[in-house]
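Note: the block below is query.cif and it holds mmCIF, C-alpha atoms.
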data_run
#
loop_
_atom_site.label_atom_id
_atom_site.label_comp_id
_atom_site.auth_asym_id
_atom_site.auth_seq_id
_atom_site.Cartn_x
_atom_site.Cartn_y
_atom_site.Cartn_z
CA MET A 1 12.34 -10.75 -3.87
CA TYR A 2 8.71 -10.54 -4.61
CA SER A 3 5.16 -11.23 -3.58
CA GLN A 4 3.10 -13.76 -5.41
CA ALA A 5 -0.09 -11.87 -6.12
CA LEU A 6 -1.92 -13.89 -3.50
CA ASN A 7 -2.93 -10.79 -1.67
CA ALA A 8 -6.63 -11.03 -1.99
CA PRO A 9 -8.40 -7.97 -0.62
CA THR A 10 -11.45 -9.35 1.15
CA GLY A 11 -14.91 -8.11 2.01
CA PRO A 12 -17.49 -6.16 0.05
CA VAL A 13 -16.59 -3.02 -1.90
CA ASP A 14 -16.66 0.03 0.37
CA THR A 15 -19.21 2.53 -0.94
CA SER A 16 -18.76 5.21 1.74
CA GLU A 17 -17.93 8.82 0.99
CA ALA A 18 -14.50 8.39 2.57
CA ALA A 19 -13.75 5.51 0.23
CA ALA A 20 -14.79 7.64 -2.76
CA ARG A 21 -12.51 10.48 -1.60
CA PHE A 22 -9.67 8.01 -1.23
CA GLN A 23 -10.28 6.58 -4.70
CA ALA A 24 -10.26 10.10 -6.15
CA ARG A 25 -6.78 10.65 -4.68
CA ILE A 26 -5.60 7.35 -6.16
CA ASP A 27 -7.09 8.20 -9.56
CA ALA A 28 -5.27 11.55 -9.48
CA GLU A 29 -2.01 9.55 -9.05
CA GLU A 30 -1.45 11.03 -5.60
CA ARG A 31 0.79 8.96 -3.33
CA ILE A 32 -0.70 7.78 -0.05
CA GLU A 33 1.53 8.36 3.00
CA PRO A 34 1.50 6.58 6.39
CA ASN A 35 -0.65 9.03 8.38
CA ASP A 36 -3.20 9.60 5.60
CA ALA A 37 -6.73 8.26 5.89
CA MET A 38 -7.09 4.97 4.00
CA PRO A 39 -9.71 2.19 3.83
CA ASP A 40 -9.03 -0.73 6.19
CA ALA A 41 -8.98 -3.15 3.28
CA TYR A 42 -6.28 -1.11 1.53
CA ARG A 43 -4.19 -1.18 4.71
CA ARG A 44 -4.71 -4.92 5.21
CA THR A 45 -3.87 -5.72 1.60
CA LEU A 46 -0.67 -3.71 1.78
CA VAL A 47 0.46 -5.19 5.11
CA ARG A 48 -0.06 -8.66 3.68
CA GLN A 49 1.65 -7.95 0.37
CA ILE A 50 4.61 -5.98 1.75
CA SER A 51 5.25 -8.45 4.57
CA GLN A 52 5.08 -11.45 2.22
CA HIS A 53 7.50 -9.61 0.01
CA ALA A 54 9.83 -8.97 2.98
CA HIS A 55 9.62 -12.60 4.12
CA SER A 56 10.47 -13.71 0.57
CA GLU A 57 13.64 -11.61 0.62
CA ILE A 58 14.69 -13.07 3.97
CA VAL A 59 13.92 -16.70 3.10
CA GLY A 60 15.45 -16.04 -0.33
CA MET A 61 18.84 -15.71 1.35
CA LEU A 62 18.79 -19.41 2.25
CA PRO A 63 18.98 -21.22 -1.12
CA GLU A 64 21.85 -18.98 -2.25
CA GLY A 65 23.59 -18.91 1.12
CA ASN A 66 23.96 -22.66 0.60
CA TRP A 67 26.68 -22.00 -2.02
CA ILE A 68 28.68 -19.14 -0.50
CA THR A 69 31.31 -21.42 1.01
CA ARG A 70 31.53 -23.49 -2.19
CA ALA A 71 31.66 -20.75 -4.83
CA PRO A 72 34.19 -21.73 -7.52
CA THR A 73 36.33 -18.56 -7.37
CA LEU A 74 36.93 -15.65 -5.02
CA ARG A 75 35.26 -13.29 -7.54
CA ARG A 76 32.11 -15.43 -7.57
CA LYS A 77 32.16 -15.76 -3.80
CA ALA A 78 32.46 -12.00 -3.20
CA ALA A 79 29.60 -11.33 -5.64
CA LEU A 80 27.34 -13.98 -4.10
CA LEU A 81 28.05 -12.73 -0.59
CA ALA A 82 27.15 -9.19 -1.68
CA LYS A 83 23.99 -10.44 -3.37
CA VAL A 84 22.81 -12.36 -0.31
CA GLN A 85 23.55 -9.33 1.86
CA ASP A 86 21.44 -7.23 -0.53
CA GLU A 87 18.52 -9.65 -0.12
CA GLY A 88 18.76 -9.17 3.65
CA GLY A 89 18.78 -5.40 3.12
CA HIS A 90 15.74 -5.63 0.83
CA GLY A 91 13.88 -7.56 3.50
CA LEU A 92 14.66 -4.80 6.00
CA TYR A 93 13.53 -1.95 3.69
CA LEU A 94 10.27 -3.82 3.18
CA TYR A 95 9.67 -4.64 6.85
CA ALA A 96 10.17 -0.93 7.57
CA ALA A 97 7.62 -0.03 4.88
CA ALA A 98 5.10 -2.52 6.33
CA GLU A 99 5.63 -1.12 9.83
CA THR A 100 4.49 2.33 8.68
CA LEU A 101 1.03 0.75 8.37
CA GLY A 102 0.89 0.02 12.10
CA VAL A 103 2.20 -3.52 12.45
CA SER A 104 5.31 -4.20 14.55
CA ARG A 105 8.49 -5.91 13.37
CA GLU A 106 8.09 -8.51 16.11
CA GLU A 107 4.57 -9.37 14.90
CA LEU A 108 5.78 -9.71 11.31
CA VAL A 109 8.63 -12.02 12.26
CA GLU A 110 6.27 -14.11 14.36
CA GLN A 111 3.85 -14.46 11.45
CA LEU A 112 6.66 -15.89 9.34
CA LEU A 113 7.92 -18.24 12.04
CA THR A 114 4.48 -19.61 12.88
CA GLY A 115 3.69 -20.13 9.19
CA ARG A 116 0.75 -17.72 9.22
CA ALA A 117 2.45 -15.51 6.62
CA LYS A 118 3.54 -16.90 3.29
CA TYR A 119 6.61 -16.24 1.20
CA SER A 120 7.31 -16.85 -2.46
CA SER A 121 6.98 -20.52 -3.47
CA ILE A 122 10.23 -20.34 -5.48
CA PHE A 123 12.42 -20.49 -2.36
CA ASN A 124 11.11 -23.92 -1.46
CA TYR A 125 13.16 -25.48 -4.27
CA PRO A 126 16.69 -26.76 -3.54
CA THR A 127 19.96 -25.42 -5.00
CA LEU A 128 21.58 -28.71 -6.01
CA THR A 129 24.56 -27.46 -8.06
CA TRP A 130 26.55 -24.27 -8.58
CA ALA A 131 24.64 -23.72 -11.84
CA ASP A 132 21.52 -23.14 -9.72
CA ILE A 133 23.10 -19.92 -8.47
CA GLY A 134 23.38 -18.79 -12.09
CA ALA A 135 19.81 -19.85 -12.88
CA ILE A 136 18.43 -18.10 -9.78
CA GLY A 137 20.14 -14.81 -10.63
CA TRP A 138 19.11 -14.97 -14.26
CA LEU A 139 15.55 -16.35 -13.94
CA VAL A 140 14.34 -15.77 -10.39
CA ASP A 141 15.80 -12.28 -10.06
CA GLY A 142 14.77 -11.60 -13.66
CA ALA A 143 11.17 -12.51 -12.83
CA ALA A 144 11.37 -10.50 -9.62
CA ILE A 145 12.54 -7.40 -11.51
CA MET A 146 9.68 -7.78 -14.00
CA ASN A 147 7.28 -7.85 -11.04
CA GLN A 148 8.94 -5.12 -9.06
CA ILE A 149 9.46 -2.36 -11.61
CA PRO A 150 5.73 -1.51 -11.74
CA LEU A 151 5.70 -1.54 -7.91
CA CYS A 152 8.02 1.50 -7.98
CA ARG A 153 4.85 3.40 -8.98
CA CYS A 154 2.65 1.75 -6.36
CA SER A 155 0.16 4.16 -4.74
CA TYR A 156 1.61 3.65 -1.24
CA GLY A 157 4.61 5.97 -0.86
CA PRO A 158 6.83 3.98 1.54
CA TYR A 159 6.41 0.78 -0.52
CA ALA A 160 7.14 2.57 -3.80
CA ARG A 161 10.27 4.18 -2.32
CA ALA A 162 11.55 0.85 -0.99
CA MET A 163 10.96 -0.70 -4.42
CA ILE A 164 12.99 2.00 -6.16
CA ARG A 165 16.01 1.18 -4.00
CA ILE A 166 15.47 -2.55 -4.48
CA CYS A 167 15.16 -2.36 -8.27
CA LYS A 168 18.37 -0.34 -8.52
CA GLU A 169 20.25 -3.02 -6.59
CA GLU A 170 18.54 -6.00 -8.19
CA SER A 171 19.90 -5.48 -11.70
CA PHE A 172 23.40 -6.52 -10.57
CA HIS A 173 21.83 -9.75 -9.28
CA GLN A 174 20.43 -10.71 -12.64
CA ARG A 175 23.61 -9.85 -14.53
CA GLN A 176 25.83 -11.86 -12.17
CA GLY A 177 23.48 -14.84 -12.66
CA PHE A 178 23.57 -14.57 -16.42
CA GLU A 179 27.36 -14.29 -16.33
CA ILE A 180 27.55 -17.58 -14.39
CA MET A 181 25.24 -19.23 -16.94
CA THR A 182 27.34 -17.85 -19.82
CA THR A 183 30.57 -19.22 -18.34
CA LEU A 184 29.03 -22.65 -17.81
CA ALA A 185 27.32 -22.69 -21.22
CA HIS A 186 30.68 -21.96 -22.89
CA GLY A 187 32.56 -24.41 -20.67
CA SER A 188 33.15 -28.17 -20.78
CA GLU A 189 30.47 -30.72 -21.69
CA ASP A 190 29.80 -31.31 -17.98
CA GLN A 191 29.46 -27.60 -17.27
CA ARG A 192 27.04 -27.18 -20.18
CA ALA A 193 24.97 -30.07 -18.93
CA MET A 194 24.92 -28.52 -15.47
CA ALA A 195 23.66 -25.19 -16.88
CA GLN A 196 20.97 -26.99 -18.91
CA ASP A 197 19.88 -29.03 -15.89
CA ALA A 198 19.54 -25.88 -13.77
CA LEU A 199 17.47 -24.16 -16.47
CA ASN A 200 15.26 -27.26 -16.73
CA ARG A 201 14.55 -27.26 -13.01
CA TRP A 202 14.08 -23.48 -12.49
CA TRP A 203 12.11 -22.53 -15.61
CA TRP A 204 8.62 -23.58 -14.57
CA PRO A 205 8.89 -22.46 -10.92
CA SER A 206 10.07 -19.07 -12.23
CA LEU A 207 6.93 -18.74 -14.37
CA MET A 208 4.84 -19.58 -11.28
CA MET A 209 6.39 -16.60 -9.47
CA PHE A 210 3.94 -14.30 -11.28
CA GLY A 211 1.07 -15.92 -9.43
CA PRO A 212 -2.13 -17.65 -10.56
CA PRO A 213 -3.48 -16.95 -14.06
CA ASP A 214 -5.75 -13.93 -14.41
CA SER A 215 -8.74 -16.21 -14.97
CA GLN A 216 -8.26 -17.59 -11.43
CA SER A 217 -7.27 -14.52 -9.46
CA GLN A 218 -10.63 -12.91 -8.86
CA HIS A 219 -9.22 -10.43 -6.35
CA SER A 220 -6.66 -8.53 -8.35
CA ASP A 221 -9.40 -6.03 -9.31
CA ALA A 222 -9.17 -4.16 -6.02
CA SER A 223 -5.37 -4.10 -6.13
CA MET A 224 -5.51 -2.70 -9.66
CA ARG A 225 -8.17 -0.14 -8.69
CA TRP A 226 -5.99 1.02 -5.80
CA LYS A 227 -2.94 1.10 -8.05
CA ILE A 228 -1.01 -1.23 -5.76
CA LYS A 229 -0.71 -3.41 -8.81
CA ARG A 230 -0.53 -2.02 -12.34
CA PHE A 231 -0.30 -5.07 -14.57
CA THR A 232 -1.99 -8.45 -14.41
CA ASN A 233 -0.11 -11.66 -13.55
CA ASP A 234 -0.44 -13.02 -17.08
CA SER A 235 0.79 -9.86 -18.79
CA LEU A 236 3.91 -9.73 -16.59
CA ARG A 237 4.53 -13.45 -17.12
CA GLN A 238 4.35 -12.98 -20.91
CA LYS A 239 6.75 -10.05 -20.72
CA PHE A 240 9.21 -12.20 -18.78
CA VAL A 241 8.97 -15.09 -21.25
CA ASP A 242 9.46 -12.73 -24.21
CA ALA A 243 12.55 -11.20 -22.62
CA THR A 244 14.11 -14.43 -21.35
CA VAL A 245 13.68 -16.97 -24.16
CA PRO A 246 16.05 -15.17 -26.59
CA GLN A 247 18.63 -14.90 -23.77
CA GLY A 248 18.52 -18.68 -23.26
CA HIS A 249 18.77 -19.30 -26.99
CA TYR A 250 21.77 -16.98 -27.12
CA LEU A 251 23.48 -19.43 -24.75
CA SER A 252 22.33 -22.32 -27.01
CA LEU A 253 20.31 -23.74 -24.12
CA THR A 254 16.86 -25.22 -24.54
CA PHE A 255 13.71 -24.63 -22.50
CA PRO A 256 11.88 -27.60 -20.95
CA ASP A 257 8.66 -26.80 -22.82
CA PRO A 258 7.82 -28.59 -26.08
CA ASP A 259 5.02 -26.09 -26.73
CA LEU A 260 7.29 -23.05 -26.61
CA HIS A 261 7.30 -21.27 -29.99
CA PHE A 262 7.32 -17.78 -31.42
CA ASN A 263 3.91 -16.64 -32.55
CA ASP A 264 4.36 -14.52 -35.65
CA ALA A 265 0.82 -13.20 -35.46
CA THR A 266 1.13 -11.80 -31.91
CA GLY A 267 4.87 -11.18 -31.80
CA HIS A 268 5.06 -13.08 -28.49
CA TRP A 269 6.47 -16.42 -27.35
CA ASP A 270 3.62 -18.88 -26.69
CA PHE A 271 4.31 -21.35 -23.90
CA GLY A 272 2.79 -24.55 -22.52
CA THR A 273 0.47 -25.08 -19.57
CA ILE A 274 1.84 -24.37 -16.11
CA ASP A 275 1.32 -27.09 -13.49
CA TRP A 276 -0.79 -25.10 -11.04
CA ASP A 277 -1.25 -28.15 -8.82
CA GLU A 278 2.47 -28.10 -8.11
CA PHE A 279 2.26 -24.36 -7.37
CA ARG A 280 -0.55 -24.86 -4.87
CA ARG A 281 1.20 -27.84 -3.28
CA VAL A 282 4.45 -25.93 -2.74
CA LEU A 283 2.61 -22.90 -1.42
CA ALA A 284 0.61 -25.03 1.00
CA GLY A 285 3.85 -26.29 2.54
CA ASP A 286 4.57 -29.40 0.54
CA GLY A 287 7.48 -28.28 -1.61
CA PRO A 288 10.92 -29.92 -1.52
CA CYS A 289 12.35 -27.50 1.10
CA ASN A 290 9.47 -25.85 3.00
CA ARG A 291 10.30 -27.50 6.32
CA GLU A 292 14.02 -26.91 5.95
CA ARG A 293 13.53 -23.19 5.19
CA LEU A 294 11.30 -22.57 8.20
CA ALA A 295 13.56 -24.62 10.45
CA ALA A 296 16.51 -22.44 9.37
CA ARG A 297 14.57 -19.26 10.19
CA HIS A 298 13.58 -20.66 13.60
CA ARG A 299 17.17 -21.59 14.36
CA ALA A 300 18.45 -18.14 13.37
CA HIS A 301 15.78 -16.44 15.48
CA GLU A 302 16.38 -18.60 18.54
CA ASP A 303 20.17 -18.48 18.26
CA GLY A 304 19.98 -14.68 18.10
CA ALA A 305 17.71 -14.31 21.12
CA TRP A 306 20.55 -13.86 23.63
CA VAL A 307 22.12 -11.16 21.45
CA ARG A 308 18.90 -9.14 21.26
CA GLU A 309 18.40 -9.59 25.01
CA ALA A 310 21.97 -8.53 25.84
CA ALA A 311 21.81 -5.46 23.56
CA LEU A 312 18.57 -4.28 25.18
CA ALA A 313 19.92 -4.93 28.70
CA TYR A 314 23.10 -2.98 27.89
CA ALA A 315 21.07 -0.08 26.45
CA ALA A 316 18.89 0.00 29.57
CA LYS A 317 21.98 0.02 31.79
CA GLN A 318 23.55 2.87 29.79
CA ARG A 319 20.37 4.90 30.13
CA ALA A 320 20.26 4.33 33.89
CA THR A 321 23.92 5.24 34.58
CA PRO A 322 23.90 9.05 34.09
CA LEU A 323 20.82 9.32 36.30
CA ARG A 324 22.48 7.45 39.14
CA GLU A 325 25.59 9.60 38.85
CA ALA A 326 23.50 12.77 38.93
CA ALA A 327 21.81 11.58 42.09
CA GLU A 328 25.07 11.02 43.95
CA MET B 1 5.29 -12.61 21.91
CA THR B 2 7.05 -12.11 25.22
CA GLU B 3 10.18 -10.50 23.77
CA PRO B 4 10.36 -6.71 24.30
CA ALA B 5 10.27 -4.58 21.14
CA THR B 6 13.58 -3.23 19.86
CA PRO B 7 13.37 0.57 19.43
CA LEU B 8 12.90 2.16 15.99
CA TRP B 9 15.28 4.81 14.61
CA GLU B 10 14.91 7.08 11.59
CA VAL B 11 17.97 7.24 9.34
CA PHE B 12 19.22 10.38 7.57
CA ILE B 13 22.15 10.34 5.15
CA ARG B 14 24.28 13.12 3.68
CA ALA B 15 25.12 11.93 0.17
CA ARG B 16 28.07 14.32 -0.18
CA THR B 17 29.30 17.49 1.41
CA GLY B 18 27.27 20.50 0.38
CA LEU B 19 23.99 18.57 0.60
CA ALA B 20 21.65 18.31 3.59
CA HIS B 21 21.06 15.01 5.40
CA ARG B 22 18.03 13.35 3.87
CA HIS B 23 15.63 10.78 5.31
CA VAL B 24 16.24 7.35 3.77
CA GLY B 25 14.38 4.91 6.00
CA SER B 26 14.45 3.34 9.42
CA VAL B 27 16.14 0.58 11.41
CA HIS B 28 15.54 -1.24 14.69
CA ALA B 29 18.36 -1.18 17.24
CA ALA B 30 18.80 -1.39 21.00
CA ASP B 31 20.89 1.80 21.25
CA ALA B 32 22.36 4.64 19.19
CA THR B 33 25.69 2.91 18.48
CA LEU B 34 23.97 -0.20 17.13
CA ALA B 35 21.51 1.96 15.20
CA LEU B 36 24.40 3.71 13.43
CA GLN B 37 26.00 0.39 12.54
CA ALA B 38 22.73 -1.06 11.29
CA ALA B 39 22.06 2.09 9.23
CA ARG B 40 25.54 1.79 7.71
CA ASP B 41 24.91 -1.84 6.73
CA VAL B 42 21.36 -1.38 5.47
CA TYR B 43 21.51 1.98 3.70
CA THR B 44 25.08 2.53 2.50
CA ARG B 45 26.22 -0.62 0.71
CA ARG B 46 27.06 1.31 -2.46
CA GLY B 47 28.70 4.55 -1.38
CA GLU B 48 25.40 6.33 -0.76
CA GLY B 49 26.76 8.67 1.89
CA LEU B 50 29.46 10.38 3.88
CA SER B 51 27.54 10.98 7.09
CA ILE B 52 24.63 9.33 8.91
CA TRP B 53 22.25 10.64 11.56
CA VAL B 54 20.02 8.26 13.51
CA VAL B 55 17.13 9.71 15.52
CA PRO B 56 14.77 7.78 17.83
CA SER B 57 11.48 7.70 15.89
CA ASN B 58 9.44 8.43 18.99
CA VAL B 59 11.04 11.87 19.54
CA ILE B 60 9.93 13.19 16.15
CA THR B 61 6.93 15.51 16.26
CA ALA B 62 5.10 15.62 12.96
CA SER B 63 2.30 17.79 11.59
CA ASP B 64 -1.03 16.04 11.12
CA PRO B 65 -1.90 15.45 7.44
CA SER B 66 -5.53 16.33 8.21
CA ASP B 67 -4.32 19.83 9.26
CA LYS B 68 -2.68 20.30 5.88
CA ASP B 69 -5.04 23.03 4.70
CA MET B 70 -4.91 25.00 7.92
CA MET B 71 -1.12 24.69 8.07
CA PHE B 72 -0.12 25.43 4.52
CA GLU B 73 -2.99 27.07 2.63
CA PRO B 74 -2.35 30.60 3.96
CA THR B 75 0.99 30.75 2.14
CA ALA B 76 -0.76 30.14 -1.19
CA SER B 77 -2.66 33.42 -0.98
CA LYS B 78 0.36 35.56 -0.07
CA ILE B 79 1.61 36.09 -3.58
CA TYR B 80 3.37 39.31 -2.51
CA ARG B 81 6.01 37.04 -0.97
CA HIS B 82 7.22 36.17 -4.46
CA PRO B 83 9.42 38.50 -6.55
CA THR B 84 7.12 38.28 -9.59
CA PHE B 85 4.41 40.13 -7.63
CA TYR B 86 6.33 43.39 -8.06
CA GLU B 87 6.49 45.40 -11.21
CA VAL B 88 9.82 46.73 -12.38
CA PRO B 89 10.08 48.92 -15.50
CA ASP B 90 11.45 47.13 -18.56
CA GLU B 91 14.28 49.66 -18.81
CA VAL B 92 15.63 48.32 -15.53
CA ASP B 93 16.65 44.83 -16.42
CA ASN B 94 17.94 42.04 -14.26
CA MET B 95 16.77 42.94 -10.79
#
Spell out the structure here as structure tokens.
Amino acid sequence: MYSQALNAPTGPVDTSEAAARFQARIDAEERIEPNDAMPDAYRRTLVRQISQHAHSEIVGMLPEGNWITRAPTLRRKAALLAKVQDEGGHGLYLYAAAETLGVSREELVEQLLTGRAKYSSIFNYPTLTWADIGAIGWLVDGAAIMNQIPLCRCSYGPYARAMIRICKEESFHQRQGFEIMTTLAHGSEDQRAMAQDALNRWWWPSLMMFGPPDSQSQHSDASMRWKIKRFTNDSLRQKFVDATVPQGHYLSLTFPDPDLHFNDATGHWDFGTIDWDEFRRVLAGDGPCNRERLAARHRAHEDGAWVREAALAYAAKQRATPLREAAE
Amino acid sequence: MTEPATPLWEVFIRARTGLAHRHVGSVHAADATLALQAARDVYTRRGEGLSIWVVPSNVITASDPSDKDMMFEPTASKIYRHPTFYEVPDEVDNM
């Protein structure tokens, strides 16, 4: 669903002639393709960002999968099933894009399972009621779309192409979420309260999805220079708040932020201070569901081991058969 | 990791008859049958195609991007391969 702008390119700035040639291609808005020459730091940054993004899609299936069997109607259930399947598909497009940079699928999966690779902090929060499915579609997918649209113009071709497919599919996700919120907001007192409670719990974590404030993310310079990233965390966050607040007010819901108000001078919604300690805590593994999410991925991987083994053994046997027949 | 790698396949989809198959991405699968099924699930959830090809990635031979100039530059100078190189009198229209 999205990568959290934690992809700090490391090391000193490369001043070689090759790096200058590469930068000239980027500045000319040329797309970089897998076999092209590229600085090591560019490759490393992309592998980290794309794989975190892929892991987020895969882990992102878990909070929503929790409600598939308990969706209130068949229509909602079919839509949620399709949405969760899309998230799986998005993870696969992104793994494939990361693999073009020379890292294997098996390595990527192992990095997730051993906790060496991160995924978006948002998926470490629990889905306590059905309204959470509405709030996730509306807010979490809404924030993801805000983040992902500029990535469709990312300098790395395979990543940009994957993002175009993902963005096309993602807009149904946000609309189905908002539809759930609308139904609940127009429903009984209890349903309204459920919608409000979900908004209260998901609002701040959704704002954290855009990553640390610009004043703290000293590394986004390189990503901007390489046109992996085109907007800063804070500018995307503001865009999301400006788009989302009127939607919530339309439903007559309130936002859990006493400082939220429209600033006539700037034309933007000003909002309160984000609890960055919570963000760092959740990212470091101490969110409400970190252990549960990783345990679920481990279980899925281990339970699937015999299937992968059997499929490979069958393929090997099929390959061997015609040869044996020819020899007879 | 001790597990053997699952082979990689490139996926090509024909969006509708009359169009060529076009590369859309890749999948991992143990054999061709599974690759086709995976490609169906991953790349055609919204009626994107009528036909799929899957090709083992390791059998594709590709030109080297660093040979780009040597490979493709010569065609740039052969402007006589384009119809506009030739002069036709105005009286003869639409040739």
Review point. In terms of the shortest atom-to-atom distance over only C-alpha atoms, which of B:Ile52, B:Ser77, B:Pro89, B:Met95 is closest to His21 of chain B?
Key: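 Of B:Ile52, B:Ser77, B:Pro89, B:Met95, the one nearest His21 of chain B is B:Ile52, counting only C-alpha atoms.
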Exercise for review: Determine the residue membership of the PyMOL selection byres ((chain B) within 6 of (chain A)) for the file above and supply it as number ranges by chain.
Suggested key: B: 30-31, 42
Please produce a file of those selected residues containing C-alpha atoms, as a compact mmCIF listing (two decimals), in the frame of the given file.
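Written output follows (out-v5.txt):
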# COMPACT_ATOMS: atom_id res chain seq x y z
CA ALA B 30 18.80 -1.39 21.00
CA ASP B 31 20.89 1.80 21.25
CA VAL B 42 21.36 -1.38 5.47
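Taking all atoms listed in the file, the non-local environment of Gln196 of chain A within 10 Å (same-chain residues fewer than 4 positions away omitted) comprises Ala131, Asp132, Ala135, Met181, Leu184, Ala185, Asp190, Gln191, Arg192, Asn200, Arg201, Gly248, Leu251, Ser252, Leu253, Thr254, Phe255 and Pro256 of chain A.
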Export of prior selection with C-alpha atoms as a short mmCIF file (atom, residue, chain, number, x, y, z; two decimals), in the coordinates of the input:
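Okay, this is what ended up in selection07.cif:
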data_model
loop_
_atom_site.label_atom_id
_atom_site.label_comp_id
_atom_site.auth_asym_id
_atom_site.auth_seq_id
_atom_site.Cartn_x
_atom_site.Cartn_y
_atom_site.Cartn_z
CA ALA A 131 24.64 -23.72 -11.84
CA ASP A 132 21.52 -23.14 -9.72
CA ALA A 135 19.81 -19.85 -12.88
CA MET A 181 25.24 -19.23 -16.94
CA LEU A 184 29.03 -22.65 -17.81
CA ALA A 185 27.32 -22.69 -21.22
CA ASP A 190 29.80 -31.31 -17.98
CA GLN A 191 29.46 -27.60 -17.27
CA ARG A 192 27.04 -27.18 -20.18
CA ASN A 200 15.26 -27.26 -16.73
CA ARG A 201 14.55 -27.26 -13.01
CA GLY A 248 18.52 -18.68 -23.26
CA LEU A 251 23.48 -19.43 -24.75
CA SER A 252 22.33 -22.32 -27.01
CA LEU A 253 20.31 -23.74 -24.12
CA THR A 254 16.86 -25.22 -24.54
CA PHE A 255 13.71 -24.63 -22.50
CA PRO A 256 11.88 -27.60 -20.95
#
Review point. Counting all atoms listed in the file, which of A:Leu207, A:Met224, A:Ala144, A:Ala78 gets nearest to Gln176 of chain A?
Key: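 Among the listed residues, A:Ala78 lies closest to Gln176 of chain A.
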Review point. Given the file above and the PyMOL selection byres ((chain A and resi 27) around 12), which residues are selected, and can you give them as a VMD selection string?
Key: chain A and resid 20 to 26 28 to 32 155 224 to 228
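With all atoms listed in the file as the atoms that count, the residue of B:Ala5, B:Ala15, B:Leu50, B:Val92 with the shortest distance to Ala29 of chain B is B:Ala5.
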Point to revise | Among listed residues A:Gly60, A:Ala222, A:Ala98, A:Glu302, nearest Ser26 of chain B (using all atoms listed in the file) | key: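 That would be A:Ala98, the residue with the smallest distance to Ser26 of chain B.
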Point to revise | Residue nearest Gly157 of chain A among A:Trp269, A:Met208, A:Leu101, A:Trp138 (counting all atoms listed in the file) | key: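 Looking only at the distances to Gly157 of chain A, the closest residue turns out to be A:Leu101.
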Review point. Taking the file as shown, what set of residues would the PyMOL selection byres ((chain A and resi 79) around 12) give back, as a PyMOL selection string?
Key: chain A and resi 64-65+67-68+71-78+80-86+133-134+137+172-177+179-180
Study note, to complete from the structure: Taken to one decimal, the atom CA of Gly142 of chain A-atom CA of Arg70 of chain A distance is 23.5 Å
Counting all atoms listed in the file, select every polymer residue within 10 Å of (22.7, 4.9, 2.7) as defined in the file's coordinates, and provide the selection as a PDB file with C-alpha atoms, keeping the file's coordinate frame.
ATOM      1  CA  VAL B  11      17.970   7.240   9.340  1.00  0.00           C
ATOM      2  CA  PHE B  12      19.220  10.380   7.570  1.00  0.00           C
ATOM      3  CA  ILE B  13      22.150  10.340   5.150  1.00  0.00           C
ATOM      4  CA  ARG B  14      24.280  13.120   3.680  1.00  0.00           C
ATOM      5  CA  ALA B  15      25.120  11.930   0.170  1.00  0.00           C
ATOM      6  CA  ARG B  22      18.030  13.350   3.870  1.00  0.00           C
ATOM      7  CA  HIS B  23      15.630  10.780   5.310  1.00  0.00           C
ATOM      8  CA  VAL B  24      16.240   7.350   3.770  1.00  0.00           C
ATOM      9  CA  GLY B  25      14.380   4.910   6.000  1.00  0.00           C
ATOM     10  CA  ALA B  39      22.060   2.090   9.230  1.00  0.00           C
ATOM     11  CA  ARG B  40      25.540   1.790   7.710  1.00  0.00           C
ATOM     12  CA  ASP B  41      24.910  -1.840   6.730  1.00  0.00           C
ATOM     13  CA  VAL B  42      21.360  -1.380   5.470  1.00  0.00           C
ATOM     14  CA  TYR B  43      21.510   1.980   3.700  1.00  0.00           C
ATOM     15  CA  THR B  44      25.080   2.530   2.500  1.00  0.00           C
ATOM     16  CA  ARG B  45      26.220  -0.620   0.710  1.00  0.00           C
ATOM     17  CA  ARG B  46      27.060   1.310  -2.460  1.00  0.00           C
ATOM     18  CA  GLY B  47      28.700   4.550  -1.380  1.00  0.00           C
ATOM     19  CA  GLU B  48      25.400   6.330  -0.760  1.00  0.00           C
ATOM     20  CA  GLY B  49      26.760   8.670   1.890  1.00  0.00           C
ATOM     21  CA  LEU B  50      29.460  10.380   3.880  1.00  0.00           C
ATOM     22  CA  SER B  51      27.540  10.980   7.090  1.00  0.00           C
ATOM     23  CA  ILE B  52      24.630   9.330   8.910  1.00  0.00           C
TER      24      ILE B  52
END
Practice item. Between B:Gly18, B:Lys78, B:Asp69, B:Trp9, single out the one closest to Gln37 of chain B, counting all atoms listed in the file. Key: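 Checking each candidate against Gln37 of chain B, we get B:Trp9 as the closest.
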Review point. Counting only C-alpha atoms, what is within 12 Å of Ser56 of chain A, bar same-chain residues fewer than 6 positions away, as number ranges by chain?
Key: A: 1-4, 49-50, 62-63, 87-88, 90-92, 94-95, 109, 112, 117-124, 140-141, 144, 209, 293-294, 297
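Atom CA of Gln52 of chain A sits 23.2 Å away from atom CA of Gln238 of chain A.
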Practice item. Would you work out the distance separating atom CA of Pro246 of chain A from atom CA of Ser215 of chain A, expressed in Å to one decimal? Key: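 Between these atoms lies a distance of 27.4 Å.
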**Study point:** Selection: 12 Å around Arg291 of chain A, all atoms listed in the file, excl. self and same-chain fewer than 4 positions, as a list in words
**Key:**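 Answer for this query is Val59, Leu113, Thr114, Gly115, Phe123, Asn124, Tyr125, Pro126, Val282, Leu283, Ala284, Gly285, Asp286, Gly287, Ala295, Ala296, Arg297 and His298 of chain A.
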